[in-house]
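Here the structure comes first, spelled out in structure tokens, and everything after it is commentary.
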Amino acid sequence: MELVGDFKAHDLYPLKFRVIGKQVYFSGCVLNETKEIEEKTFAKIPRSFAPEARMAFSNAQMSSDAKEVAQIAVWQNGEIQIVGVSAAKTCLLISVPTL
């Protein structure tokens with residue numbers, strides 16, 4: 001998975017994806033060390049694995065506060081974007097499927 005912008009993969013939880021049938025599964029942790037995570041594109045997957053229509057899901061952020069979540073969107077062009085976020089600097093993706 002290609003990271004874009006100021007985002008980096010967490011050392012202990014590398015960002016990756018896997019295709020099983022028509023589903024794409026994401027895992028790992030993405031962070032932005034320069035500032036708080038913003039609402040912007042943080043990674044890309046090959047267009048051939050992208051969904052036919054935009055998919056969105058809620059996802060936990062790496063924090064001791066269970067209320068911290070990020071809203072993630074996967075676009076038809078393969079861009080993966082944070083579209084809503086609470087205050088944490090890291091976003092954890094674990095077994096998140098898209099079609």
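If you're wondering about the labels, chains in the structure tokens are A, B, ... by order shown, residues count from 1 in each chain, ligands from 1 in order shown.
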Might you pull out every residue within 9 Å of Ala53 in chain A, with only C-alpha atoms counted and same-chain residues fewer than 3 positions away left off, and present them as a ChimeraX atom specification? /A:50,74-76,99
Take the residues just selected and output them with C-alpha atoms as a tab-separated table (two decimals), in the first residue's frame.
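Output file again.tsv is given in full below:
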chain	number	residue	atom	x	y	z
A	50	ALA	CA	-10.65	-0.14	-5.63
A	74	VAL	CA	-12.10	4.34	0.01
A	75	TRP	CA	-12.66	6.00	-3.36
A	76	GLN	CA	-13.08	4.47	-6.81
A	99	LEU	CA	-16.06	-4.35	-1.70
Could you name the residues that touch Pro46 in chain A at 9 Å or less, counting only C-alpha atoms, but leaving out those on the same chain fewer than 3 positions away, as a PyMOL selection string? chain A and resi 1-2+49-50+77-79
Kindly save the residues from that selection, with C-alpha atoms included, as a PDB file, in the first residue's frame.
ATOM      1  CA  MET A   1       0.000   0.000   0.000  1.00  0.00           C
ATOM      2  CA  GLU A   2       1.392   3.387  -0.970  1.00  0.00           C
ATOM      3  CA  PHE A  49      -8.619  -3.285  -6.317  1.00  0.00           C
ATOM      4  CA  ALA A  50     -10.654  -0.141  -5.627  1.00  0.00           C
ATOM      5  CA  ASN A  77      -9.610   5.723  -7.835  1.00  0.00           C
ATOM      6  CA  GLY A  78      -7.968   3.768  -4.974  1.00  0.00           C
ATOM      7  CA  GLU A  79      -7.438   6.703  -2.613  1.00  0.00           C
TER       8      GLU A  79
END
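Using only C-alpha atoms for every distance, the candidate list A:Ile82, A:Cys91, A:Met55, A:Val4 yields A:Cys91 as the residue closest to Glu68 in chain A.
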Residue nearest Thr90 in chain A among A:Val19, A:Ala60, A:Val30, A:Lys40 (counting only C-alpha atoms): A:Val30
Who sits within 6 Å of Leu92 in chain A, only C-alpha atoms, same chain under 4 positions skipped, as a list in words: Gly28, Cys29, Ala60, Gln61 and Met62 of chain A
Selected residues, N, CA and C atoms, written as a CSV table (one decimal), in the first residue's frame, please.
chain,number,residue,atom,x,y,z
A,28,GLY,N,-3.1,-2.5,10.0
A,28,GLY,CA,-2.0,-1.7,10.3
A,28,GLY,C,-2.4,-0.4,11.0
A,29,CYS,N,-1.4,0.4,11.2
A,29,CYS,CA,-1.7,1.7,11.8
A,29,CYS,C,-1.0,2.8,11.1
A,60,ALA,N,-11.4,2.4,14.8
A,60,ALA,CA,-10.8,2.9,16.0
A,60,ALA,C,-9.5,3.6,15.8
A,61,GLN,N,-9.2,4.6,16.7
A,61,GLN,CA,-7.9,5.2,16.7
A,61,GLN,C,-7.1,4.7,17.8
A,62,MET,N,-5.8,4.6,17.7
A,62,MET,CA,-5.0,4.1,18.7
A,62,MET,C,-4.9,5.0,19.9
Please report the interatomic distance between CA of Pro14 in chain A and CA of Ala43 in chain A in Å with one decimal. 12.5 Å
By how many Å are CA of Asp11 in chain A and CA of Leu31 in chain A apart?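 A separation of 10.1 Å between them.
Nearest residue to Leu93 in chain A, choosing from A:Arg47, A:Asn32, A:Phe17, A:Arg54 and counting only C-alpha atoms: A:Phe17.
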Straight-line distance linking CA of Gln81 in chain A with CA of Val69 in chain A, stated in Å to one decimal: 13.8 Å
